[in-house]
>>> print(open('work_22.cif').read())   # mmCIF, C-alpha atoms and all ligand atoms
data_upload
loop_
_atom_site.group_PDB
_atom_site.id
_atom_site.type_symbol
_atom_site.label_atom_id
_atom_site.label_comp_id
_atom_site.auth_asym_id
_atom_site.auth_seq_id
_atom_site.Cartn_x
_atom_site.Cartn_y
_atom_site.Cartn_z
ATOM 1 C CA MET A 1 -138.269 -2.246 -11.401
ATOM 2 C CA GLU A 2 -134.624 -2.712 -10.484
ATOM 3 C CA ARG A 3 -134.218 -5.358 -7.808
ATOM 4 C CA HIS A 4 -132.228 -4.637 -4.719
ATOM 5 C CA LYS A 5 -128.705 -6.102 -4.803
ATOM 6 C CA PRO A 6 -128.133 -7.481 -1.312
ATOM 7 C CA VAL A 7 -125.260 -5.738 0.441
ATOM 8 C CA LEU A 8 -122.259 -7.809 1.656
ATOM 9 C CA LEU A 9 -124.159 -11.021 0.908
ATOM 10 C CA ASP A 10 -121.106 -13.329 1.019
ATOM 11 C CA LYS A 11 -119.914 -11.796 4.280
ATOM 12 C CA VAL A 12 -123.371 -12.077 5.853
ATOM 13 C CA ILE A 13 -123.352 -15.793 5.086
ATOM 14 C CA GLU A 14 -119.756 -16.104 6.301
ATOM 15 C CA VAL A 15 -120.526 -14.552 9.709
ATOM 16 C CA LEU A 16 -123.977 -16.082 10.240
ATOM 17 C CA GLN A 17 -122.795 -19.583 9.214
ATOM 18 C CA PRO A 18 -126.310 -20.908 8.416
ATOM 19 C CA GLN A 19 -126.703 -24.667 8.897
ATOM 20 C CA VAL A 20 -129.289 -27.052 7.446
ATOM 21 C CA GLY A 21 -132.401 -27.176 9.627
ATOM 22 C CA GLU A 22 -131.809 -23.833 11.374
ATOM 23 C CA SER A 23 -134.301 -20.990 11.752
ATOM 24 C CA PHE A 24 -133.788 -17.302 11.070
ATOM 25 C CA ALA A 25 -135.532 -13.947 11.299
ATOM 26 C CA ASP A 26 -134.700 -11.473 8.553
ATOM 27 C CA VAL A 27 -136.271 -8.395 10.113
ATOM 28 C CA THR A 28 -135.654 -6.137 7.099
ATOM 29 C CA GLY A 29 -136.691 -8.473 4.304
ATOM 30 C CA GLY A 30 -136.775 -5.821 1.552
ATOM 31 C CA TRP A 31 -136.747 -7.589 -1.769
ATOM 32 C CA GLY A 32 -135.565 -10.847 -0.235
ATOM 33 C CA GLY A 33 -131.956 -11.106 -1.429
ATOM 34 C CA HIS A 34 -130.478 -12.053 1.934
ATOM 35 C CA SER A 35 -133.489 -14.179 2.852
ATOM 36 C CA ALA A 36 -133.198 -16.192 -0.362
ATOM 37 C CA ALA A 37 -129.579 -17.067 0.420
ATOM 38 C CA LEU A 38 -130.415 -17.965 4.021
ATOM 39 C CA LEU A 39 -133.354 -20.125 2.925
ATOM 40 C CA ASP A 40 -131.094 -21.938 0.466
ATOM 41 C CA ALA A 41 -128.600 -22.625 3.227
ATOM 42 C CA VAL A 42 -131.063 -23.842 5.878
ATOM 43 C CA GLY A 43 -132.888 -26.036 3.364
ATOM 44 C CA LYS A 44 -136.443 -27.347 3.545
ATOM 45 C CA SER A 45 -136.009 -28.462 7.146
ATOM 46 C CA GLY A 46 -135.127 -24.904 8.196
ATOM 47 C CA PHE A 47 -137.504 -21.963 8.624
ATOM 48 C CA GLY A 48 -137.435 -18.218 7.916
ATOM 49 C CA TYR A 49 -139.470 -15.398 9.467
ATOM 50 C CA ILE A 50 -139.268 -12.438 7.120
ATOM 51 C CA PHE A 51 -140.383 -8.967 8.202
ATOM 52 C CA ASP A 52 -140.763 -5.598 6.525
ATOM 53 C CA GLN A 53 -142.850 -2.544 7.332
ATOM 54 C CA ASP A 54 -143.269 -1.537 3.689
ATOM 55 C CA SER A 55 -146.272 -2.978 1.863
ATOM 56 C CA ALA A 56 -144.486 -2.872 -1.517
ATOM 57 C CA ALA A 57 -141.641 -4.946 -0.057
ATOM 58 C CA ILE A 58 -144.134 -7.383 1.445
ATOM 59 C CA ALA A 59 -145.826 -7.833 -1.950
ATOM 60 C CA ALA A 60 -142.444 -8.514 -3.569
ATOM 61 C CA LEU A 61 -141.461 -10.961 -0.804
ATOM 62 C CA GLU A 62 -144.761 -12.836 -1.085
ATOM 63 C CA GLN A 63 -144.256 -13.181 -4.815
ATOM 64 C CA ARG A 64 -140.627 -14.231 -4.544
ATOM 65 C CA PHE A 65 -141.269 -16.875 -1.885
ATOM 66 C CA SER A 66 -144.751 -17.958 -3.017
ATOM 67 C CA SER A 67 -143.699 -21.563 -3.467
ATOM 68 C CA ALA A 68 -141.716 -21.838 -0.209
ATOM 69 C CA GLU A 69 -143.537 -23.622 2.609
ATOM 70 C CA ASN A 70 -140.949 -22.856 5.243
ATOM 71 C CA VAL A 71 -141.341 -19.060 5.457
ATOM 72 C CA ALA A 72 -143.643 -16.680 7.304
ATOM 73 C CA ILE A 73 -143.803 -13.210 5.762
ATOM 74 C CA VAL A 74 -144.997 -10.528 8.168
ATOM 75 C CA LYS A 75 -145.735 -6.847 7.578
ATOM 76 C CA ALA A 76 -144.562 -5.215 10.781
ATOM 77 C CA ASN A 77 -141.938 -2.984 12.272
ATOM 78 C CA PHE A 78 -139.205 -5.083 13.868
ATOM 79 C CA THR A 79 -140.003 -3.531 17.244
ATOM 80 C CA ASN A 80 -143.635 -4.713 17.122
ATOM 81 C CA ASP A 81 -144.792 -7.668 19.153
ATOM 82 C CA GLU A 82 -145.190 -9.549 15.854
ATOM 83 C CA PHE A 83 -141.430 -9.988 16.157
ATOM 84 C CA THR A 84 -140.643 -9.389 19.816
ATOM 85 C CA ASP A 85 -143.344 -11.663 21.275
ATOM 86 C CA LYS A 86 -144.624 -13.936 18.539
ATOM 87 C CA VAL A 87 -141.419 -15.248 16.974
ATOM 88 C CA PRO A 88 -139.700 -18.005 18.988
ATOM 89 C CA ASN A 89 -135.964 -17.840 19.652
ATOM 90 C CA VAL A 90 -134.085 -18.461 16.406
ATOM 91 C CA HIS A 91 -130.593 -19.460 15.269
ATOM 92 C CA MET A 92 -129.993 -16.297 13.241
ATOM 93 C CA ILE A 93 -131.252 -12.730 13.090
ATOM 94 C CA LEU A 94 -130.373 -10.324 10.297
ATOM 95 C CA ALA A 95 -131.106 -6.590 10.161
ATOM 96 C CA ASP A 96 -129.997 -4.811 6.990
ATOM 97 C CA LEU A 97 -130.996 -1.300 8.031
ATOM 98 C CA GLY A 98 -132.186 1.675 6.051
ATOM 99 C CA VAL A 99 -133.909 1.791 2.709
ATOM 100 C CA SER A 100 -133.732 -0.470 -0.317
ATOM 101 C CA SER A 101 -132.972 0.407 -3.931
ATOM 102 C CA PRO A 102 -136.630 0.173 -5.046
ATOM 103 C CA GLN A 103 -137.642 2.542 -2.250
ATOM 104 C CA LEU A 104 -134.859 5.000 -3.101
ATOM 105 C CA ASP A 105 -135.336 4.805 -6.834
ATOM 106 C CA LEU A 106 -139.113 5.271 -6.978
ATOM 107 C CA PRO A 107 -139.698 9.052 -7.180
ATOM 108 C CA GLN A 108 -143.178 8.738 -5.643
ATOM 109 C CA ARG A 109 -141.682 7.451 -2.373
ATOM 110 C CA GLY A 110 -139.902 10.793 -1.946
ATOM 111 C CA PHE A 111 -136.630 9.461 -0.510
ATOM 112 C CA SER A 112 -134.277 10.929 -3.084
ATOM 113 C CA PHE A 113 -133.246 14.412 -4.150
ATOM 114 C CA ARG A 114 -132.272 12.973 -7.521
ATOM 115 C CA SER A 115 -135.810 12.902 -8.889
ATOM 116 C CA GLU A 116 -138.930 14.974 -8.390
ATOM 117 C CA GLY A 117 -141.476 13.385 -6.073
ATOM 118 C CA PRO A 118 -143.737 14.153 -3.125
ATOM 119 C CA LEU A 119 -141.862 14.888 0.121
ATOM 120 C CA ASP A 120 -142.833 11.610 1.749
ATOM 121 C CA MET A 121 -139.978 9.299 2.995
ATOM 122 C CA ARG A 122 -142.225 6.916 4.931
ATOM 123 C CA MET A 123 -141.115 3.276 4.855
ATOM 124 C CA ASN A 124 -144.471 2.285 6.325
ATOM 125 C CA GLN A 125 -147.109 3.771 4.046
ATOM 126 C CA GLU A 126 -149.760 3.508 6.786
ATOM 127 C CA GLN A 127 -147.890 5.864 9.101
ATOM 128 C CA SER A 128 -149.304 9.395 9.114
ATOM 129 C CA LEU A 129 -146.158 11.520 9.677
ATOM 130 C CA ASN A 130 -144.199 12.244 6.505
ATOM 131 C CA ALA A 131 -141.279 14.525 5.616
ATOM 132 C CA ALA A 132 -143.528 17.338 4.337
ATOM 133 C CA ASP A 133 -145.231 17.466 7.749
ATOM 134 C CA ILE A 134 -141.888 17.987 9.460
ATOM 135 C CA VAL A 135 -140.641 20.607 7.026
ATOM 136 C CA ASN A 136 -143.914 22.556 6.929
ATOM 137 C CA THR A 137 -145.159 22.345 10.514
ATOM 138 C CA TYR A 138 -142.235 21.849 12.912
ATOM 139 C CA ARG A 139 -140.689 24.861 14.623
ATOM 140 C CA GLU A 140 -137.433 26.218 13.231
ATOM 141 C CA ASP A 141 -135.425 25.019 16.255
ATOM 142 C CA GLU A 142 -136.983 21.542 16.003
ATOM 143 C CA ILE A 143 -135.997 21.286 12.337
ATOM 144 C CA ALA A 144 -132.478 22.529 13.099
ATOM 145 C CA LYS A 145 -132.127 19.906 15.845
ATOM 146 C CA ILE A 146 -133.205 17.102 13.498
ATOM 147 C CA LEU A 147 -130.739 18.232 10.817
ATOM 148 C CA TYR A 148 -127.908 18.552 13.331
ATOM 149 C CA GLU A 149 -128.508 15.349 15.296
ATOM 150 C CA TYR A 150 -129.576 12.974 12.522
ATOM 151 C CA GLY A 151 -127.710 14.507 9.574
ATOM 152 C CA GLU A 152 -124.666 15.874 11.431
ATOM 153 C CA GLU A 153 -125.331 18.930 9.254
ATOM 154 C CA ARG A 154 -123.213 21.843 10.383
ATOM 155 C CA ALA A 155 -125.392 24.349 8.525
ATOM 156 C CA SER A 156 -128.488 23.047 10.320
ATOM 157 C CA ARG A 157 -129.628 26.405 11.674
ATOM 158 C CA ARG A 158 -129.152 28.205 8.381
ATOM 159 C CA ILE A 159 -131.044 25.525 6.482
ATOM 160 C CA ALA A 160 -133.863 25.436 9.051
ATOM 161 C CA ARG A 161 -134.177 29.210 8.797
ATOM 162 C CA SER A 162 -134.376 29.119 5.006
ATOM 163 C CA LEU A 163 -137.005 26.336 5.111
ATOM 164 C CA VAL A 164 -139.172 28.351 7.474
ATOM 165 C CA MET A 165 -138.824 31.452 5.259
ATOM 166 C CA ALA A 166 -139.615 29.450 2.131
ATOM 167 C CA ARG A 167 -142.701 27.762 3.571
ATOM 168 C CA LYS A 168 -144.206 31.161 4.426
ATOM 169 C CA VAL A 169 -144.357 31.853 0.699
ATOM 170 C CA LYS A 170 -145.426 28.362 -0.415
ATOM 171 C CA PRO A 171 -145.587 24.955 1.319
ATOM 172 C CA ILE A 172 -142.591 22.731 0.566
ATOM 173 C CA THR A 173 -144.152 19.643 -0.941
ATOM 174 C CA THR A 174 -141.611 18.092 -3.314
ATOM 175 C CA THR A 175 -138.139 16.602 -3.087
ATOM 176 C CA THR A 176 -136.721 19.008 -5.662
ATOM 177 C CA GLN A 177 -138.179 22.058 -3.909
ATOM 178 C CA LEU A 178 -136.446 20.949 -0.704
ATOM 179 C CA ALA A 179 -133.194 20.079 -2.480
ATOM 180 C CA ASN A 180 -133.115 23.485 -4.214
ATOM 181 C CA ILE A 181 -133.704 25.432 -0.991
ATOM 182 C CA VAL A 182 -130.909 23.526 0.758
ATOM 183 C CA SER A 183 -128.542 23.850 -2.216
ATOM 184 C CA GLU A 184 -128.879 27.634 -2.116
ATOM 185 C CA GLN A 185 -127.657 27.603 1.481
ATOM 186 C CA ILE A 186 -124.575 25.434 1.288
ATOM 187 C CA LYS A 187 -121.736 25.067 -1.084
ATOM 188 C CA THR A 188 -120.206 21.631 -1.273
ATOM 189 C CA THR A 189 -117.303 20.550 -3.308
ATOM 190 C CA GLY A 190 -116.880 17.097 -4.793
ATOM 191 C CA ARG A 191 -119.538 14.560 -5.616
ATOM 192 C CA ILE A 192 -121.717 14.798 -2.519
ATOM 193 C CA HIS A 193 -125.011 16.615 -3.185
ATOM 194 C CA PRO A 194 -125.547 19.535 -0.760
ATOM 195 C CA ALA A 195 -128.929 18.127 0.353
ATOM 196 C CA THR A 196 -127.563 14.656 1.243
ATOM 197 C CA LYS A 197 -127.402 15.249 4.999
ATOM 198 C CA THR A 198 -130.759 17.018 5.111
ATOM 199 C CA PHE A 199 -132.452 14.106 3.334
ATOM 200 C CA GLN A 200 -130.774 11.558 5.615
ATOM 201 C CA ALA A 201 -131.840 13.504 8.718
ATOM 202 C CA LEU A 202 -135.453 13.850 7.631
ATOM 203 C CA ARG A 203 -135.673 10.169 6.701
ATOM 204 C CA ILE A 204 -134.343 9.132 10.109
ATOM 205 C CA ALA A 205 -136.826 11.463 11.825
ATOM 206 C CA VAL A 206 -139.828 10.371 9.741
ATOM 207 C CA ASN A 207 -139.176 6.686 10.388
ATOM 208 C CA GLY A 208 -137.860 7.036 13.956
ATOM 209 C CA GLU A 209 -134.880 4.973 12.786
ATOM 210 C CA LEU A 210 -132.577 5.454 15.765
ATOM 211 C CA THR A 211 -135.330 4.960 18.322
ATOM 212 C CA VAL A 212 -136.430 1.680 16.749
ATOM 213 C CA LEU A 213 -132.830 0.504 16.429
ATOM 214 C CA GLU A 214 -132.227 1.166 20.147
ATOM 215 C CA ARG A 215 -135.356 -0.782 21.019
ATOM 216 C CA PHE A 216 -134.393 -3.599 18.658
ATOM 217 C CA LEU A 217 -130.927 -3.870 20.230
ATOM 218 C CA GLU A 218 -132.509 -4.203 23.669
ATOM 219 C CA ILE A 219 -134.605 -7.167 22.555
ATOM 220 C CA ALA A 220 -133.115 -8.984 19.585
ATOM 221 C CA PRO A 221 -129.988 -10.609 21.119
ATOM 222 C CA SER A 222 -132.151 -12.354 23.720
ATOM 223 C CA LYS A 223 -134.252 -13.821 20.916
ATOM 224 C CA LEU A 224 -131.367 -16.061 19.862
ATOM 225 C CA VAL A 225 -131.035 -19.675 20.915
ATOM 226 C CA SER A 226 -127.736 -20.568 22.584
ATOM 227 C CA GLY A 227 -125.143 -20.572 19.792
ATOM 228 C CA GLY A 228 -127.354 -18.238 17.719
ATOM 229 C CA ARG A 229 -125.908 -15.321 15.727
ATOM 230 C CA ILE A 230 -127.176 -11.804 15.020
ATOM 231 C CA ALA A 231 -125.816 -9.708 12.149
ATOM 232 C CA ILE A 232 -126.567 -6.041 11.595
ATOM 233 C CA ILE A 233 -125.663 -3.950 8.564
ATOM 234 C CA SER A 234 -125.721 -0.206 9.220
ATOM 235 C CA PHE A 235 -125.260 2.659 6.800
ATOM 236 C CA HIS A 236 -124.237 5.680 8.831
ATOM 237 C CA SER A 237 -122.164 6.405 11.899
ATOM 238 C CA LEU A 238 -125.150 7.118 14.178
ATOM 239 C CA GLU A 239 -126.520 3.603 13.623
ATOM 240 C CA ASP A 240 -123.138 1.914 13.732
ATOM 241 C CA ARG A 241 -122.285 3.571 17.049
ATOM 242 C CA LEU A 242 -125.417 2.095 18.650
ATOM 243 C CA VAL A 243 -124.666 -1.378 17.283
ATOM 244 C CA LYS A 244 -120.984 -1.227 18.250
ATOM 245 C CA ASN A 245 -121.687 -0.105 21.823
ATOM 246 C CA CYS A 246 -124.443 -2.672 22.320
ATOM 247 C CA PHE A 247 -122.344 -5.583 21.003
ATOM 248 C CA ARG A 248 -119.330 -4.466 23.028
ATOM 249 C CA SER A 249 -121.281 -4.199 26.252
ATOM 250 C CA LEU A 250 -123.061 -7.549 25.782
ATOM 251 C CA SER A 251 -119.740 -9.300 25.212
ATOM 252 C CA THR A 252 -117.974 -7.759 28.219
ATOM 253 C CA ALA A 253 -117.854 -9.443 31.630
ATOM 254 C CA ASP A 254 -119.366 -7.612 34.626
ATOM 255 C CA ARG A 255 -116.722 -6.732 37.227
ATOM 256 C CA ASP A 256 -116.974 -5.551 40.822
ATOM 257 C CA ASN A 257 -115.177 -2.525 42.246
ATOM 258 C CA TYR A 258 -111.992 -4.609 42.666
ATOM 259 C CA GLY A 259 -111.930 -5.641 39.024
ATOM 260 C CA GLN A 260 -113.036 -9.216 39.792
ATOM 261 C CA ILE A 261 -115.388 -10.800 37.282
ATOM 262 C CA VAL A 262 -118.858 -11.186 38.780
ATOM 263 C CA SER A 263 -120.538 -12.590 35.743
ATOM 264 C CA GLU A 264 -119.260 -13.841 32.431
ATOM 265 C CA PRO A 265 -120.846 -12.367 29.299
ATOM 266 C CA SER A 266 -123.581 -14.301 27.496
ATOM 267 C CA PHE A 267 -122.392 -13.140 24.080
ATOM 268 C CA LYS A 268 -119.191 -12.975 22.080
ATOM 269 C CA ARG A 269 -118.369 -10.764 19.139
ATOM 270 C CA ILE A 270 -117.802 -12.596 15.856
ATOM 271 C CA THR A 271 -116.559 -9.320 14.374
ATOM 272 C CA LYS A 272 -114.423 -7.125 16.621
ATOM 273 C CA LYS A 273 -114.044 -4.601 13.796
ATOM 274 C CA PRO A 274 -116.861 -3.977 11.313
ATOM 275 C CA ILE A 275 -116.746 -5.621 7.886
ATOM 276 C CA LEU A 276 -116.782 -2.745 5.401
ATOM 277 C CA GLY A 277 -118.890 -2.663 2.255
ATOM 278 C CA SER A 278 -116.338 -0.343 0.639
ATOM 279 C CA LYS A 279 -113.740 -3.131 0.944
ATOM 280 C CA PHE A 280 -115.700 -6.351 0.492
ATOM 281 C CA ASP A 281 -118.603 -5.311 -1.780
ATOM 282 C CA SER A 282 -117.046 -2.507 -3.766
ATOM 283 C CA ASN A 283 -118.975 -3.263 -6.972
ATOM 284 C CA ASN A 284 -122.273 -2.531 -5.243
ATOM 285 C CA PRO A 285 -122.822 1.249 -4.998
ATOM 286 C CA ARG A 286 -125.360 0.783 -2.179
ATOM 287 C CA ALA A 287 -122.671 -0.930 -0.084
ATOM 288 C CA ARG A 288 -120.367 2.108 -0.081
ATOM 289 C CA SER A 289 -121.054 3.106 3.531
ATOM 290 C CA ALA A 290 -122.196 -0.307 4.835
ATOM 291 C CA LYS A 291 -120.755 -1.765 8.048
ATOM 292 C CA LEU A 292 -121.537 -5.309 9.124
ATOM 293 C CA ARG A 293 -121.207 -6.497 12.722
ATOM 294 C CA CYS A 294 -122.052 -9.896 14.178
ATOM 295 C CA LEU A 295 -122.570 -11.236 17.705
ATOM 296 C CA GLU A 296 -123.027 -14.817 18.958
ATOM 297 C CA ARG A 297 -125.008 -15.956 21.997
ATOM 298 C CA ILE A 298 -122.825 -18.318 23.996
ATOM 299 C CA ASN A 299 -125.144 -19.315 26.810
HETATM 300 C C1 LIG A 301 -131.784 -2.212 2.989
HETATM 301 S S1 LIG A 301 -133.378 -2.861 2.793
HETATM 302 C C2 LIG A 301 -133.199 -4.576 2.989
HETATM 303 C C3 LIG A 301 -132.875 -5.275 1.716
HETATM 304 C C4 LIG A 301 -132.847 -6.784 1.833
HETATM 305 N N1 LIG A 301 -131.830 -7.251 2.743
HETATM 306 C C5 LIG A 301 -132.689 -7.425 0.474
HETATM 307 O O1 LIG A 301 -131.729 -8.198 0.288
HETATM 308 O O2 LIG A 301 -133.511 -7.167 -0.406
HETATM 309 C C6 LIG A 301 -134.168 -2.437 4.263
HETATM 310 C C7 LIG A 301 -135.621 -2.845 4.335
HETATM 311 O O3 LIG A 301 -135.965 -2.839 5.703
HETATM 312 C C8 LIG A 301 -137.214 -2.234 5.876
HETATM 313 N N2 LIG A 301 -137.174 -1.655 7.217
HETATM 314 C C9 LIG A 301 -136.382 -0.670 7.667
HETATM 315 N N3 LIG A 301 -136.609 -0.431 8.955
HETATM 316 C C10 LIG A 301 -137.552 -1.318 9.352
HETATM 317 C C11 LIG A 301 -138.201 -1.583 10.594
HETATM 318 N N4 LIG A 301 -137.953 -0.843 11.677
HETATM 319 N N5 LIG A 301 -139.095 -2.598 10.648
HETATM 320 C C12 LIG A 301 -139.380 -3.331 9.532
HETATM 321 N N6 LIG A 301 -138.813 -3.105 8.325
HETATM 322 C C13 LIG A 301 -137.912 -2.111 8.237
HETATM 323 C C14 LIG A 301 -137.340 -1.228 4.761
HETATM 324 O O4 LIG A 301 -138.700 -1.000 4.455
HETATM 325 C C15 LIG A 301 -136.597 -1.916 3.635
HETATM 326 O O5 LIG A 301 -137.458 -2.656 2.811
#
>>> encode(input="work_22.cif", output="structure tokens", more="lines below")
Ligand SMILES: C[S@@+](CC[C@H](N)C(=O)[O-])C[C@H]1O[C@@H](n2cnc3c(N)ncnc32)[C@H](O)[C@@H]1O
Amino acid sequence: MERHKPVLLDKVIEVLQPQVGESFADVTGGWGGHSAALLDAVGKSGFGYIFDQDSAAIAALEQRFSSAENVAIVKANFTNDEFTDKVPNVHMILADLGVSSPQLDLPQRGFSFRSEGPLDMRMNQEQSLNAADIVNTYREDEIAKILYEYGEERASRRIARSLVMARKVKPITTTTQLANIVSEQIKTTGRIHPATKTFQALRIAVNGELTVLERFLEIAPSKLVSGGRIAIISFHSLEDRLVKNCFRSLSTADRDNYGQIVSEPSFKRITKKPILGSKFDSNNPRARSAKLRCLERIN
């Protein structure tokens, strides 16, 4: 199986500035590319907590780091108390959001319209809700809302209507069935597949991606030691907006009605503008839409 090429690896190391003896939490371990580099940098006296909610990723991480004594590999969502309560404050936190290459490329995971597979899209295989449930059981207006809000799909209503019509004839159970129904509804020019936004929207809905990111942003910065750094790589504008607004607000002083500072911020932005995968990791196709932002805790 193709390994995942870590996105913006050099830039992640540049902004996180790992030092020997430091600790980190990689909350989206995946296939361990970023974690391996961080472990190298912190050395044997450092420590890494590595999380993923996907059991295939956990198996790969356990194999990759089987000889390392300074890692804890945990199968959990990064909003679970396994991370929020049980991990002590660390020097670095990394979240490389979204799905990995092995998840996308395995047809049986159902993430991609490029190959035939079951309409699944769950990152956590123990979760019950999958994409077929949404497409076959949600109301037409609920489906349209998901496509519009999470996919920014302008043809959301038309697509939702056609899905509801199609499922009356036969349940929609495969990625290609879904992709074909969507393709009949919209014409796109250029290289973008017509079902791209629909697949993104359903994946976000199945995995509750924006809800968990909001929750993570509420908690994660306070899990840094003073001087600690958090880096987040996002892959679409909905995620990046949440990260940008959170980092901006945490690094802004509170002022009273007269504009006087009442409290200084506890964080400062290491990146005022996002570091773009299209510019700094252009040989990695998965980095095309990546945006990296980093924040430091200053007290
Ligand atoms: C883009 S990949 C990370 C790749 C990794 N940085 C590497 O170098 O191999 C994202 C990973 O995060 C996991 N993931 C996404 N959201 C998660 C969440 N809320 N909690 C735990 N893991 C999550 C996915 O299952 C996937 O394996």
>>> closest_atom_pairs(input="work_22.cif", of="chain A", to="ligand LIG 301 (chain A)", cutoff="8 Å", atoms="only C-alpha atoms and all ligand atoms", output="JSON lines")
{"residue": "A:Arg3", "atom": "CA", "partner": "A:LIG301", "partner_atom": "O2", "distance": 7.7}
{"residue": "A:His4", "atom": "CA", "partner": "A:LIG301", "partner_atom": "O2", "distance": 5.2}
{"residue": "A:Lys5", "atom": "CA", "partner": "A:LIG301", "partner_atom": "O1", "distance": 6.3}
{"residue": "A:Pro6", "atom": "CA", "partner": "A:LIG301", "partner_atom": "O1", "distance": 4.0}
{"residue": "A:Val7", "atom": "CA", "partner": "A:LIG301", "partner_atom": "O1", "distance": 6.9}
{"residue": "A:Asp26", "atom": "CA", "partner": "A:LIG301", "partner_atom": "N1", "distance": 7.7}
{"residue": "A:Val27", "atom": "CA", "partner": "A:LIG301", "partner_atom": "C12", "distance": 6.0}
{"residue": "A:Thr28", "atom": "CA", "partner": "A:LIG301", "partner_atom": "O3", "distance": 3.6}
{"residue": "A:Gly29", "atom": "CA", "partner": "A:LIG301", "partner_atom": "C4", "distance": 4.9}
{"residue": "A:Gly30", "atom": "CA", "partner": "A:LIG301", "partner_atom": "O5", "distance": 3.5}
{"residue": "A:Trp31", "atom": "CA", "partner": "A:LIG301", "partner_atom": "O2", "distance": 3.5}
{"residue": "A:Gly32", "atom": "CA", "partner": "A:LIG301", "partner_atom": "O2", "distance": 4.2}
{"residue": "A:Gly33", "atom": "CA", "partner": "A:LIG301", "partner_atom": "O1", "distance": 3.4}
{"residue": "A:His34", "atom": "CA", "partner": "A:LIG301", "partner_atom": "O1", "distance": 4.4}
{"residue": "A:Ser35", "atom": "CA", "partner": "A:LIG301", "partner_atom": "O1", "distance": 6.7}
{"residue": "A:Phe51", "atom": "CA", "partner": "A:LIG301", "partner_atom": "C12", "distance": 5.9}
{"residue": "A:Asp52", "atom": "CA", "partner": "A:LIG301", "partner_atom": "N6", "distance": 3.6}
{"residue": "A:Gln53", "atom": "CA", "partner": "A:LIG301", "partner_atom": "C12", "distance": 4.2}
{"residue": "A:Asp54", "atom": "CA", "partner": "A:LIG301", "partner_atom": "O4", "distance": 4.7}
{"residue": "A:Ala57", "atom": "CA", "partner": "A:LIG301", "partner_atom": "O5", "distance": 5.6}
{"residue": "A:Lys75", "atom": "CA", "partner": "A:LIG301", "partner_atom": "C12", "distance": 7.5}
{"residue": "A:Ala76", "atom": "CA", "partner": "A:LIG301", "partner_atom": "C12", "distance": 5.7}
{"residue": "A:Asn77", "atom": "CA", "partner": "A:LIG301", "partner_atom": "N5", "distance": 3.3}
{"residue": "A:Phe78", "atom": "CA", "partner": "A:LIG301", "partner_atom": "N5", "distance": 4.1}
{"residue": "A:Thr79", "atom": "CA", "partner": "A:LIG301", "partner_atom": "N4", "distance": 6.5}
{"residue": "A:Ala95", "atom": "CA", "partner": "A:LIG301", "partner_atom": "N1", "distance": 7.5}
{"residue": "A:Asp96", "atom": "CA", "partner": "A:LIG301", "partner_atom": "C1", "distance": 5.1}
{"residue": "A:Leu97", "atom": "CA", "partner": "A:LIG301", "partner_atom": "C6", "distance": 5.1}
{"residue": "A:Gly98", "atom": "CA", "partner": "A:LIG301", "partner_atom": "C6", "distance": 4.9}
{"residue": "A:Val99", "atom": "CA", "partner": "A:LIG301", "partner_atom": "C6", "distance": 4.5}
{"residue": "A:Ser100", "atom": "CA", "partner": "A:LIG301", "partner_atom": "S1", "distance": 3.9}
{"residue": "A:Ser101", "atom": "CA", "partner": "A:LIG301", "partner_atom": "S1", "distance": 7.5}
{"residue": "A:Gln103", "atom": "CA", "partner": "A:LIG301", "partner_atom": "O5", "distance": 7.3}
{"residue": "A:Met123", "atom": "CA", "partner": "A:LIG301", "partner_atom": "O4", "distance": 4.9}
{"residue": "A:Asn124", "atom": "CA", "partner": "A:LIG301", "partner_atom": "O4", "distance": 6.9}
{"residue": "A:Asn207", "atom": "CA", "partner": "A:LIG301", "partner_atom": "N3", "distance": 7.7}
{"residue": "A:Glu209", "atom": "CA", "partner": "A:LIG301", "partner_atom": "N4", "distance": 6.7}
{"residue": "A:Val212", "atom": "CA", "partner": "A:LIG301", "partner_atom": "N4", "distance": 5.9}
{"residue": "A:Leu213", "atom": "CA", "partner": "A:LIG301", "partner_atom": "N4", "distance": 7.1}
>>> closest_residue(input="work_22.cif", among="A:Val243, A:Ala201, A:Leu250, A:Ile143", to="Asn299 of chain A", atoms="only C-alpha atoms")
A:Leu250
>>> resolve_selection(input="work_22.cif", expression="the PyMOL selection byres (((chain A and resi 73) around 9) and not hetatm)", output="list in words")
Gly29, Gly48, Tyr49, Ile50, Phe51, Asp52, Ile58, Leu61, Glu62, Phe65, Val71, Ala72, Val74 and Lys75 of chain A
>>> closest_residue(input="work_22.cif", among="A:Ile275, A:Ala253, A:Ala68, A:Ala179", to="Ser115 of chain A", atoms="all atoms listed in the file")
A:Ala179
>>> resolve_selection(input="work_22.cif", expression="the PyMOL selection byres (((chain A and resi 8) around 12) and not hetatm)", output="number ranges by chain")
A: 5-7, 9-15, 33-34, 37, 96, 231-234, 274-293
>>> closest_residue(input="work_22.cif", among="A:Leu202, A:Leu38, A:Ile93, A:Val182", to="Ile134 of chain A", atoms="all atoms listed in the file")
A:Leu202
>>> closest_residue(input="work_22.cif", among="A:Leu178, A:Val262, A:Val169, A:Ile159", to="Gly117 of chain A", atoms="only C-alpha atoms")
A:Leu178
>>> residues_around(input="work_22.cif", residues="segment 217-226 of chain A", least_positions_apart="4", cutoff="8 Å", atoms="only C-alpha atoms", output="number ranges by chain")
A: 84, 88-93, 213, 230, 243, 246, 297-299
>>> atom_distance(input="work_22.cif", atom1="atom CA of Ala131 of chain A", atom2="atom CA of Lys244 of chain A")
28.6 Å
>>> atom_distance(input="work_22.cif", atom1="atom CA of Ala41 of chain A", atom2="atom CA of Thr271 of chain A")
21.1 Å
>>> atom_distance(input="work_22.cif", atom1="atom CA of Ala25 of chain A", atom2="atom CA of Arg64 of chain A")
16.6 Å
